[in-house]
>>> print(open('protein.txt').read())   # compact mmCIF, C-alpha atoms
# COMPACT_ATOMS: atom_id res chain seq x y z
CA MET A 1 -14.23 9.20 17.60
CA PHE A 2 -14.63 11.22 14.37
CA ASP A 3 -12.05 13.29 12.45
CA GLU A 4 -13.01 16.79 11.32
CA PRO A 5 -15.32 16.78 8.25
CA LEU A 6 -12.70 18.15 5.80
CA LYS A 7 -10.40 15.21 6.54
CA LEU A 8 -13.26 12.72 6.15
CA VAL A 9 -14.22 14.24 2.78
CA LEU A 10 -10.57 14.08 1.71
CA GLY A 11 -10.48 10.41 2.75
CA LEU A 12 -13.63 9.81 0.71
CA VAL A 13 -12.29 11.46 -2.46
CA THR A 14 -8.72 10.10 -2.27
CA GLY A 15 -9.97 6.63 -1.26
CA ILE A 16 -12.22 6.37 -4.32
CA ILE A 17 -9.41 7.59 -6.62
CA PHE A 18 -6.95 5.18 -4.96
CA GLY A 19 -9.32 2.25 -5.55
CA VAL A 20 -9.87 3.24 -9.18
CA LEU A 21 -6.11 3.56 -9.75
CA LEU A 22 -5.33 0.18 -8.13
CA GLN A 23 -8.03 -1.62 -10.12
CA LYS A 24 -7.34 0.10 -13.46
CA GLY A 25 -3.60 -0.33 -13.00
CA GLN A 26 -4.15 -4.08 -12.51
CA VAL A 27 -2.16 -4.02 -9.27
CA ALA A 28 -5.24 -5.22 -7.36
CA LYS A 29 -4.93 -8.53 -9.19
CA PHE A 30 -3.64 -11.76 -7.71
CA GLN A 31 -1.61 -12.73 -10.78
CA LYS A 32 0.10 -9.32 -10.98
CA LEU A 33 1.26 -9.42 -7.35
CA MET A 34 2.40 -13.04 -7.62
CA GLY A 35 3.98 -12.27 -10.99
CA GLN A 36 6.00 -9.55 -9.29
CA PHE A 37 7.28 -11.82 -6.51
CA LEU A 38 8.12 -14.47 -9.11
CA LEU A 39 9.99 -11.70 -11.00
CA LYS A 40 7.97 -12.34 -14.18
CA ASP A 41 5.79 -9.23 -14.26
CA PHE A 42 7.02 -5.80 -13.11
CA THR A 43 3.72 -3.89 -13.09
CA VAL A 44 3.79 -3.55 -9.27
CA VAL A 45 7.37 -2.23 -9.11
CA LYS A 46 6.72 0.15 -12.02
CA SER A 47 3.72 1.74 -10.33
CA MET A 48 5.24 1.79 -6.83
CA ALA A 49 8.51 3.37 -8.02
CA THR A 50 6.64 6.03 -10.04
CA ALA A 51 4.47 6.82 -6.99
CA ILE A 52 7.60 7.19 -4.83
CA ALA A 53 9.35 9.46 -7.38
CA VAL A 54 6.34 11.74 -7.89
CA GLY A 55 5.41 11.67 -4.20
CA THR A 56 8.87 12.45 -2.83
CA ILE A 57 9.23 15.65 -4.90
CA GLY A 58 5.86 17.10 -3.87
CA VAL A 59 5.96 16.05 -0.23
CA HIS A 60 9.47 17.44 0.28
CA ALA A 61 8.39 20.69 -1.41
CA LEU A 62 5.44 20.91 1.01
CA VAL A 63 7.73 20.23 3.96
CA ALA A 64 10.28 22.83 2.78
CA LEU A 65 7.48 25.42 2.50
CA GLY A 66 6.23 24.56 5.99
CA LEU A 67 2.91 23.27 4.63
CA ALA A 68 3.30 19.68 5.85
CA GLU A 69 5.39 17.65 8.24
CA ILE A 70 7.26 14.38 7.96
CA HIS A 71 5.30 11.49 9.56
CA ILE A 72 7.32 8.32 9.74
CA GLN A 73 7.55 5.14 11.81
CA THR A 74 10.42 4.21 14.07
CA ALA A 75 13.36 2.34 12.55
CA SER A 76 13.21 -0.51 15.08
CA LEU A 77 15.18 -3.34 13.51
CA ALA A 78 13.08 -6.10 15.15
CA ARG A 79 9.84 -4.48 14.01
CA VAL A 80 10.78 -3.78 10.41
CA ILE A 81 12.78 -6.97 9.80
CA VAL A 82 10.49 -9.52 11.52
CA GLY A 83 7.34 -7.58 10.61
CA GLY A 84 8.51 -7.06 7.03
CA VAL A 85 9.31 -10.75 6.45
CA LEU A 86 6.00 -11.89 8.04
CA PHE A 87 4.12 -9.34 5.95
CA GLY A 88 5.78 -10.44 2.69
CA THR A 89 5.19 -14.11 3.50
CA GLY A 90 1.54 -13.53 4.34
CA LEU A 91 1.12 -11.47 1.18
CA ALA A 92 2.53 -14.26 -0.99
CA ILE A 93 0.24 -16.81 0.74
CA PHE A 94 -2.92 -14.67 0.47
CA GLY A 95 -2.04 -13.06 -2.86
CA LEU A 96 -3.09 -9.45 -2.17
CA CYS A 97 -1.92 -6.68 0.18
CA PRO A 98 -3.99 -4.59 2.66
CA GLY A 99 -4.77 -1.83 0.11
CA THR A 100 -5.15 -3.93 -3.03
CA SER A 101 -7.35 -6.53 -1.29
CA VAL A 102 -10.06 -3.96 -0.52
CA ALA A 103 -9.95 -2.81 -4.17
CA ALA A 104 -10.26 -6.51 -5.17
CA CYS A 105 -13.30 -6.77 -2.84
CA GLY A 106 -14.83 -3.98 -4.95
CA GLU A 107 -14.17 -6.15 -7.99
CA GLY A 108 -16.25 -8.86 -6.32
CA ARG A 109 -13.40 -11.26 -5.55
CA ARG A 110 -14.64 -13.69 -2.89
CA ASP A 111 -11.17 -14.82 -1.80
CA ALA A 112 -10.17 -11.19 -1.21
CA MET A 113 -13.13 -10.82 1.16
CA ILE A 114 -11.98 -13.86 3.17
CA GLY A 115 -8.43 -12.47 3.30
CA VAL A 116 -9.79 -9.17 4.63
CA LEU A 117 -11.54 -11.09 7.43
CA GLY A 118 -8.21 -12.78 8.15
CA MET A 119 -6.58 -9.36 8.39
CA PHE A 120 -9.09 -8.21 11.04
CA VAL A 121 -8.09 -11.28 13.06
CA GLY A 122 -4.34 -10.78 12.44
CA ALA A 123 -4.49 -7.12 13.49
CA GLY A 124 -6.50 -8.08 16.59
CA VAL A 125 -3.95 -10.78 17.50
CA TYR A 126 -1.17 -8.21 17.21
CA VAL A 127 -3.00 -5.76 19.47
CA ALA A 128 -3.60 -8.51 22.06
CA ALA A 129 0.03 -9.71 21.83
CA PHE A 130 1.48 -6.18 21.87
CA PRO A 131 2.73 -6.25 25.50
CA ALA A 132 4.14 -9.79 25.12
CA LEU A 133 6.06 -8.72 21.99
CA GLN A 134 7.94 -5.92 23.77
CA PRO A 135 10.94 -8.04 24.95
CA MET A 136 11.49 -9.25 21.36
CA ILE A 137 11.19 -5.70 20.00
CA LYS A 138 13.55 -4.29 22.63
CA ALA A 139 16.12 -7.04 22.02
CA MET A 140 17.24 -5.30 18.83
CA ALA A 141 18.40 -1.75 18.11
CA ASP A 142 15.90 1.05 17.48
CA TYR A 143 17.16 4.10 15.59
CA GLY A 144 13.93 6.02 16.19
CA LYS A 145 11.91 8.08 13.72
CA VAL A 146 14.84 8.95 11.49
CA THR A 147 15.10 9.78 7.80
CA LEU A 148 18.04 8.87 5.58
CA PRO A 149 19.11 12.55 5.27
CA GLN A 150 19.03 12.91 9.09
CA LEU A 151 20.94 9.67 9.55
CA THR A 152 23.70 10.82 7.19
CA GLY A 153 23.58 14.53 8.03
CA THR A 154 22.90 15.50 4.41
CA SER A 155 20.32 17.62 2.60
CA PRO A 156 16.99 15.90 1.85
CA TRP A 157 17.14 17.38 -1.68
CA LEU A 158 20.32 15.45 -2.38
CA TRP A 159 18.37 12.27 -1.60
CA VAL A 160 15.25 13.36 -3.47
CA GLY A 161 17.30 14.18 -6.58
CA GLY A 162 19.34 11.00 -6.32
CA LEU A 163 16.29 8.81 -5.71
CA VAL A 164 14.29 10.27 -8.61
CA ALA A 165 17.28 9.86 -10.96
CA LEU A 166 17.81 6.29 -9.76
CA ILE A 167 14.12 5.43 -10.24
CA ILE A 168 14.08 6.87 -13.79
CA ILE A 169 17.18 4.86 -14.74
CA ALA A 170 15.87 1.68 -13.04
CA LEU A 171 12.46 1.99 -14.75
CA ALA A 172 14.08 2.59 -18.15
CA ILE A 173 16.09 -0.62 -17.70
CA ILE A 174 13.10 -2.61 -16.36
CA GLU A 175 10.94 -1.36 -19.26
CA ARG A 176 13.58 -2.61 -21.70
CA ILE A 177 13.75 -6.07 -20.12
CA HIS A 178 10.07 -6.36 -19.14
CA PRO A 179 8.04 -4.19 -21.52
CA LYS A 180 4.25 -3.91 -21.51
CA GLN A 181 3.04 -7.12 -19.95
CA PRO A 182 0.28 -9.21 -21.45
CA ASP A 183 -2.28 -10.30 -18.87
CA THR A 184 -0.36 -13.49 -18.36
CA LYS A 185 -1.69 -16.65 -16.78
CA LEU A 186 1.91 -17.51 -15.75
CA MET B 1 -1.89 31.12 4.34
CA THR B 2 -4.63 31.43 1.71
CA LEU B 3 -2.31 32.48 -1.11
CA PRO B 4 0.20 29.59 -0.90
CA ARG B 5 -2.72 27.16 -0.50
CA THR B 6 -4.45 28.41 -3.66
CA SER B 7 -1.24 28.56 -5.67
CA PHE B 8 -0.36 25.06 -4.51
CA ALA B 9 -3.70 23.77 -5.70
CA PHE B 10 -2.83 25.12 -9.16
CA VAL B 11 0.65 23.59 -9.12
CA PHE B 12 -0.84 20.26 -8.01
CA ALA B 13 -3.41 20.36 -10.78
CA ALA B 14 -0.87 21.34 -13.45
CA LEU B 15 1.62 18.69 -12.38
CA SER B 16 -0.96 15.98 -12.00
CA LEU B 17 -2.23 16.67 -15.49
CA GLY B 18 1.27 17.09 -16.88
CA PHE B 19 3.09 14.16 -15.36
CA PRO B 20 1.48 11.34 -17.35
CA GLN B 21 2.32 13.25 -20.53
CA LEU B 22 5.87 13.73 -19.28
CA ALA B 23 6.04 10.06 -18.39
CA SER B 24 4.96 9.00 -21.86
CA ALA B 25 7.04 11.75 -23.49
CA ALA B 26 10.08 10.35 -21.68
CA ASP B 27 8.97 7.29 -23.63
CA PHE B 28 9.44 4.03 -21.89
CA GLY B 29 7.83 2.69 -25.07
CA VAL B 30 4.41 2.87 -23.44
CA ASN B 31 1.25 4.68 -24.36
CA ALA B 32 -0.72 5.28 -21.18
CA THR B 33 -4.08 4.54 -22.76
CA ASP B 34 -3.45 1.27 -24.59
CA TYR B 35 -2.00 -0.68 -21.70
CA ASP B 36 -3.48 -4.17 -21.36
CA GLY B 37 -6.82 -3.47 -23.00
CA ALA B 38 -8.94 -1.55 -20.52
CA ALA B 39 -6.17 -1.10 -17.97
CA TRP B 40 -4.03 1.96 -17.41
CA SER B 41 -0.25 2.27 -17.59
CA PRO B 42 1.54 1.60 -14.29
CA TYR B 43 3.34 4.94 -14.77
CA LEU B 44 0.03 6.80 -14.97
CA VAL B 45 -1.29 4.92 -11.94
CA GLY B 46 1.93 5.47 -9.97
CA ALA B 47 1.95 9.20 -10.76
CA GLY B 48 -1.68 9.40 -9.63
CA ILE B 49 -0.85 7.72 -6.31
CA GLY B 50 2.09 10.10 -5.89
CA VAL B 51 -0.25 13.09 -6.34
CA LEU B 52 -2.72 11.54 -3.86
CA SER B 53 0.12 11.47 -1.33
CA TRP B 54 0.71 15.23 -1.85
CA LEU B 55 -2.98 15.94 -1.29
CA THR B 56 -3.10 13.77 1.83
CA PHE B 57 -0.02 15.44 3.33
CA TYR B 58 -1.30 18.89 2.46
CA PHE B 59 -4.92 18.62 3.56
CA ALA B 60 -4.76 15.98 6.32
CA ASP B 61 -1.06 16.33 7.31
CA LYS B 62 -0.83 12.53 7.16
CA PRO B 63 0.70 9.87 4.93
CA ILE B 64 -1.42 7.40 2.94
CA GLY B 65 -1.72 4.00 4.61
CA ALA B 66 -4.10 1.05 4.64
CA SER B 67 -3.07 -1.41 7.32
CA SER B 68 -4.03 0.55 10.47
CA PHE B 69 -7.63 0.24 9.22
CA TYR B 70 -7.63 -3.46 10.13
CA ALA B 71 -6.59 -2.77 13.73
CA THR B 72 -9.29 -0.10 13.91
CA ILE B 73 -11.98 -2.57 12.78
CA ALA B 74 -10.64 -5.17 15.22
CA GLY B 75 -10.96 -2.46 17.89
CA PHE B 76 -14.58 -1.73 16.98
CA ILE B 77 -15.40 -5.45 17.13
CA GLY B 78 -13.52 -5.70 20.44
CA LYS B 79 -15.44 -2.75 21.88
CA PHE B 80 -18.69 -4.43 20.87
CA VAL B 81 -17.72 -7.66 22.64
CA SER B 82 -15.98 -6.20 25.71
CA ARG B 83 -15.61 -2.46 25.90
CA ARG B 84 -13.58 -2.43 29.12
CA HIS B 85 -11.08 -5.06 27.99
CA THR B 86 -10.59 -3.40 24.59
CA GLU B 87 -10.02 0.03 26.09
CA SER B 88 -7.48 -1.42 28.52
CA LEU B 89 -5.27 -2.67 25.67
CA LYS B 90 -2.07 -0.65 25.33
CA TYR B 91 -2.21 -0.41 21.52
CA TYR B 92 -5.70 1.17 21.61
CA GLN B 93 -4.63 3.63 24.31
CA THR B 94 -2.13 5.17 21.88
CA ASN B 95 -4.22 4.41 18.74
CA PRO B 96 -7.88 4.61 19.82
CA PRO B 97 -10.18 3.11 17.16
CA ALA B 98 -11.87 6.02 15.37
CA VAL B 99 -13.68 6.89 12.16
CA ASP B 100 -10.82 9.03 10.89
CA HIS B 101 -9.40 10.00 7.52
CA GLY B 102 -7.59 6.66 7.09
CA PHE B 103 -10.73 4.67 7.93
CA VAL B 104 -12.87 6.48 5.32
CA PHE B 105 -9.98 6.20 2.84
CA VAL B 106 -9.88 2.38 3.00
CA ILE B 107 -13.69 1.99 2.94
CA CYS B 108 -13.82 4.20 -0.16
CA THR B 109 -11.05 2.18 -1.82
CA ILE B 110 -13.62 -0.65 -2.02
CA LEU B 111 -16.00 1.74 -3.78
CA GLY B 112 -13.23 2.93 -6.14
CA GLY B 113 -12.33 -0.67 -6.97
CA PHE B 114 -15.98 -1.38 -7.69
CA ILE B 115 -16.39 1.70 -9.94
CA ALA B 116 -13.25 0.84 -11.91
CA ALA B 117 -14.18 -2.84 -12.30
CA TRP B 118 -17.78 -2.07 -13.21
CA THR B 119 -16.92 0.54 -15.85
CA GLY B 120 -14.29 -1.81 -17.28
CA GLY B 121 -16.62 -4.84 -17.32
CA GLU B 122 -14.34 -6.61 -14.84
CA ILE B 123 -16.69 -7.53 -11.98
CA ARG B 124 -15.56 -11.02 -10.97
CA ASN B 125 -17.61 -12.68 -8.25
CA GLU B 126 -15.12 -15.53 -8.17
CA TRP B 127 -13.06 -17.43 -5.62
CA LEU B 128 -10.21 -18.70 -7.76
CA HIS B 129 -7.51 -17.41 -10.10
CA PRO B 130 -6.18 -19.39 -13.11
CA MET B 131 -2.67 -19.41 -11.67
CA TRP B 132 -3.94 -20.73 -8.33
CA VAL B 133 -6.01 -23.46 -10.02
CA ASP B 134 -3.01 -24.62 -12.08
CA ARG B 135 -1.00 -25.04 -8.91
CA PHE B 136 -3.46 -26.02 -6.17
CA GLY B 137 -6.59 -27.25 -7.96
CA ASP B 138 -10.13 -25.90 -7.93
CA SER B 139 -11.11 -26.40 -4.27
CA ILE B 140 -12.80 -23.22 -3.00
CA ALA B 141 -12.38 -24.40 0.62
CA LEU B 142 -8.61 -24.66 0.21
CA ARG B 143 -8.37 -21.20 -1.33
CA ALA B 144 -10.54 -19.74 1.46
CA VAL B 145 -8.47 -21.32 4.25
CA ILE B 146 -5.11 -20.33 2.71
CA GLY B 147 -6.38 -16.81 1.92
CA PHE B 148 -7.56 -16.40 5.51
CA VAL B 149 -4.29 -17.67 7.01
CA GLY B 150 -2.26 -15.41 4.68
CA GLY B 151 -4.42 -12.45 5.72
CA VAL B 152 -3.84 -13.14 9.43
CA LEU B 153 -0.07 -13.38 8.96
CA MET B 154 0.11 -10.32 6.72
CA ALA B 155 -1.88 -8.02 9.02
CA PHE B 156 0.15 -9.16 12.05
CA GLY B 157 3.36 -8.42 10.12
CA ALA B 158 2.06 -5.04 8.95
CA ARG B 159 1.19 -3.92 12.49
CA LEU B 160 4.53 -5.17 13.83
CA ALA B 161 6.44 -3.40 11.05
CA GLY B 162 4.25 -0.29 11.42
CA GLY B 163 2.92 -0.22 7.87
CA CYS B 164 2.13 -2.11 4.68
CA THR B 165 2.78 -1.70 0.96
CA SER B 166 1.24 1.78 1.10
CA GLY B 167 2.29 2.92 4.60
CA HIS B 168 5.92 1.81 4.35
CA GLY B 169 6.27 0.86 0.67
CA ILE B 170 5.08 4.18 -0.75
CA SER B 171 4.44 6.80 1.99
CA GLY B 172 7.44 5.91 4.16
CA THR B 173 9.95 5.48 1.34
CA LEU B 174 8.93 8.76 -0.33
CA GLN B 175 9.59 10.52 3.00
CA LEU B 176 13.04 8.85 2.93
CA SER B 177 12.30 7.05 6.23
CA ALA B 178 15.19 4.73 7.13
CA GLY B 179 12.83 2.21 8.74
CA SER B 180 10.51 2.13 5.72
CA TRP B 181 13.32 1.40 3.27
CA LEU B 182 14.43 -1.48 5.49
CA ALA B 183 10.84 -2.70 5.88
CA VAL B 184 10.14 -2.69 2.14
CA ILE B 185 13.36 -4.62 1.45
CA PHE B 186 12.38 -7.30 3.96
CA MET B 187 8.78 -7.36 2.67
CA PHE B 188 10.09 -8.18 -0.80
CA ILE B 189 12.56 -10.77 0.59
CA GLY B 190 9.71 -12.53 2.46
CA GLY B 191 7.34 -12.25 -0.51
CA ILE B 192 9.79 -13.46 -3.15
CA ALA B 193 10.95 -16.40 -0.97
CA ALA B 194 7.39 -17.51 -0.13
CA ALA B 195 6.11 -17.08 -3.71
CA MET B 196 9.04 -19.02 -5.16
CA LEU B 197 8.42 -21.84 -2.65
CA LEU B 198 4.69 -21.90 -3.39
CA TYR B 199 4.72 -21.54 -7.17
CA THR B 200 8.02 -22.90 -8.44
CA SER B 201 8.38 -26.61 -9.14
CA LEU B 202 11.66 -27.90 -7.77
>>> encode(input="protein.txt", output="structure tokens")
Amino acid sequence: MFDEPLKLVLGLVTGIIFGVLLQKGQVAKFQKLMGQFLLKDFTVVKSMATAIAVGTIGVHALVALGLAEIHIQTASLARVIVGGVLFGTGLAIFGLCPGTSVAACGEGRRDAMIGVLGMFVGAGVYVAAFPALQPMIKAMADYGKVTLPQLTGTSPWLWVGGLVALIIIALAIIERIHPKQPDTKL
Amino acid sequence: MTLPRTSFAFVFAALSLGFPQLASAADFGVNATDYDGAAWSPYLVGAGIGVLSWLTFYFADKPIGASSFYATIAGFIGKFVSRRHTESLKYYQTNPPAVDHGFVFVICTILGGFIAAWTGGEIRNEWLHPMWVDRFGDSIALRAVIGFVGGVLMAFGARLAGGCTSGHGISGTLQLSAGSWLAVIFMFIGGIAAAMLLYTSL
């Protein structure tokens, strides 16, 4: 029922910092997320790509030193394709994602609170429909819990290096085309 | 075990302090502190989230994620209504609803959002956004219904896919998970298509 206290304290500290970062970075804002999907404002991609670049270096270092393990989800095509498209569609309709909507609740946004209620229902519907969804999930290939280095039989560091380089180049280009964004009304 | 743990804490601290400087030294033409008035640079925020992922892997041996929280809450509500039925559900047999690290993390994200908004004078007890009003008018009922429906669809999709913007989009991709890279591509395809349909005049 309860995790060990250290993990709960970690959740407390990192959760507060996460909320502060999302709100201060303006990614917990409706117009920033919609601006990203409409390809007019790249704040979301800038922060996500930086998080991936910084995160991948440290996490792979921890894994290499035996201080952490890889924890990933299965690459079931039905799950990630159907689930991904439904998720993106719902996100565009609601305007916030599961993490940013709770930060927006902290900002006092009433519509974010309603969306969070909707998410409790949506998650409950999924749980109830879980057995009925199995035929659809099993109809498509499932590659299991596999990483790109495992799939290609290459070193993870090759991918980490390549990904970080790619992100730096992509962000430099994006920053040139879409520099510091004013808080646009769109 | 103590020595690598302590030395790692130092490396974490040094890098987390150093990265924003590196990011602005690399100069994307951005100064971290003067981004959008009170707001912080997306590079600073992204680097901070990256460091949070290190800490979460190191101390909890878990990735950061938000969407499983919603299934956990649904489970608590279910247990309150019908304990036996809820416990018989297959999803909750493998993922029993619990007050775990991820649960506290999401609850505290609300608090973090509040602290940031309050200190920045950005508390907005509002229903509508200017962009929404321009497109769909100023009906609060309409915004509430659409927001609710979007939330239902999004959480269903997140549980089916096995993660959300944080679980797949950041934690999965940084672990180089094949499924997460596919998921995030299809999340953006769905999001861009739906947003263009909703907000672009044909």
>>> closest_residue(input="protein.txt", among="B:Val99, B:Ala141, B:Leu160, B:Ile115", to="B:Trp127", atoms="only C-alpha atoms")
B:Ala141
>>> residues_around(input="protein.txt", residues="B:Leu55", least_positions_apart="6", cutoff="10 Å", atoms="only C-alpha atoms", output="list in words")
Leu10, Thr14, Gly55, Gly58 and Val59 of chain A; Ala9, Phe12, Ile49, Asp61, Lys62, Pro63 and Ile64 of chain B
>>> closest_residue(input="protein.txt", among="A:Ile72, A:Leu86, A:Ile177, A:Val20", to="A:Val146", atoms="only C-alpha atoms")
A:Ile72
>>> closest_residue(input="protein.txt", among="A:Gly144, A:Gly108, A:Gly124, A:Pro131", to="A:Lys29", atoms="all atoms listed in the file")
A:Gly108
>>> closest_residue(input="protein.txt", among="A:Gly95, A:Gly122, A:Thr154, A:Met1", to="A:Arg109", atoms="all atoms listed in the file")
A:Gly95
>>> atom_distance(input="protein.txt", atom1="atom CA of A:Arg79", atom2="atom CA of B:Val104")
26.7 Å
>>> decode(input="protein.txt", residues="stretch 112-183 of chain B", atoms="C-alpha atoms", output="compact mmCIF listing (two decimals), in the first residue's frame")
# COMPACT_ATOMS: atom_id res chain seq x y z
CA GLY B 112 5.01 22.95 -7.21
CA GLY B 113 2.74 24.51 -9.82
CA PHE B 114 1.04 26.52 -7.09
CA ILE B 115 4.35 27.73 -5.59
CA ALA B 116 5.66 28.79 -9.00
CA ALA B 117 2.43 30.55 -10.00
CA TRP B 118 2.06 32.26 -6.63
CA THR B 119 5.63 33.58 -6.52
CA GLY B 120 5.29 34.75 -10.12
CA GLY B 121 1.91 36.43 -9.54
CA GLU B 122 0.30 34.03 -12.01
CA ILE B 123 -2.54 32.48 -10.00
CA ARG B 124 -5.40 32.28 -12.50
CA ASN B 125 -8.68 30.97 -11.13
CA GLU B 126 -10.11 30.99 -14.63
CA TRP B 127 -11.94 28.63 -16.96
CA LEU B 128 -11.01 30.05 -20.35
CA HIS B 129 -7.94 30.92 -22.41
CA PRO B 130 -7.82 33.81 -24.93
CA MET B 131 -7.08 31.42 -27.78
CA TRP B 132 -10.03 29.21 -26.84
CA VAL B 133 -12.39 32.22 -26.57
CA ASP B 134 -11.34 33.48 -30.02
CA ARG B 135 -12.23 30.12 -31.52
CA PHE B 136 -15.11 28.73 -29.46
CA GLY B 137 -16.59 31.70 -27.58
CA ASP B 138 -16.85 32.36 -23.87
CA SER B 139 -19.15 29.53 -22.73
CA ILE B 140 -17.71 27.95 -19.57
CA ALA B 141 -20.01 24.92 -19.99
CA LEU B 142 -18.61 24.19 -23.44
CA ARG B 143 -15.02 24.45 -22.22
CA ALA B 144 -15.80 22.18 -19.24
CA VAL B 145 -17.46 19.49 -21.41
CA ILE B 146 -14.72 19.53 -24.06
CA GLY B 147 -11.98 19.56 -21.41
CA PHE B 148 -13.57 16.58 -19.67
CA VAL B 149 -13.98 14.59 -22.91
CA GLY B 150 -10.38 15.36 -23.92
CA GLY B 151 -9.19 14.21 -20.49
CA VAL B 152 -11.07 10.90 -20.80
CA LEU B 153 -9.62 10.21 -24.25
CA MET B 154 -6.10 11.24 -23.27
CA ALA B 155 -5.92 9.09 -20.13
CA PHE B 156 -7.33 6.08 -22.00
CA GLY B 157 -4.69 6.58 -24.71
CA ALA B 158 -1.92 7.02 -22.14
CA ARG B 159 -2.80 3.76 -20.35
CA LEU B 160 -3.09 1.89 -23.66
CA ALA B 161 0.25 3.26 -24.87
CA GLY B 162 1.83 2.66 -21.43
CA GLY B 163 2.84 6.25 -20.75
CA CYS B 164 2.29 9.94 -21.41
CA THR B 165 4.42 12.97 -22.31
CA SER B 166 6.64 12.26 -19.30
CA GLY B 167 6.55 8.43 -19.17
CA HIS B 168 7.12 7.85 -22.89
CA GLY B 169 8.00 11.34 -24.16
CA ILE B 170 10.86 11.98 -21.75
CA SER B 171 11.65 8.93 -19.57
CA GLY B 172 11.17 6.31 -22.29
CA THR B 173 12.94 8.18 -25.07
CA LEU B 174 15.95 9.02 -22.86
CA GLN B 175 16.28 5.27 -22.12
CA LEU B 176 16.26 4.76 -25.92
CA SER B 177 13.13 2.58 -25.67
CA ALA B 178 11.95 1.56 -29.15
CA GLY B 179 8.29 1.62 -28.08
CA SER B 180 8.59 5.09 -26.53
CA TRP B 181 10.07 6.64 -29.66
CA LEU B 182 7.21 5.17 -31.68
CA ALA B 183 4.66 6.31 -29.08
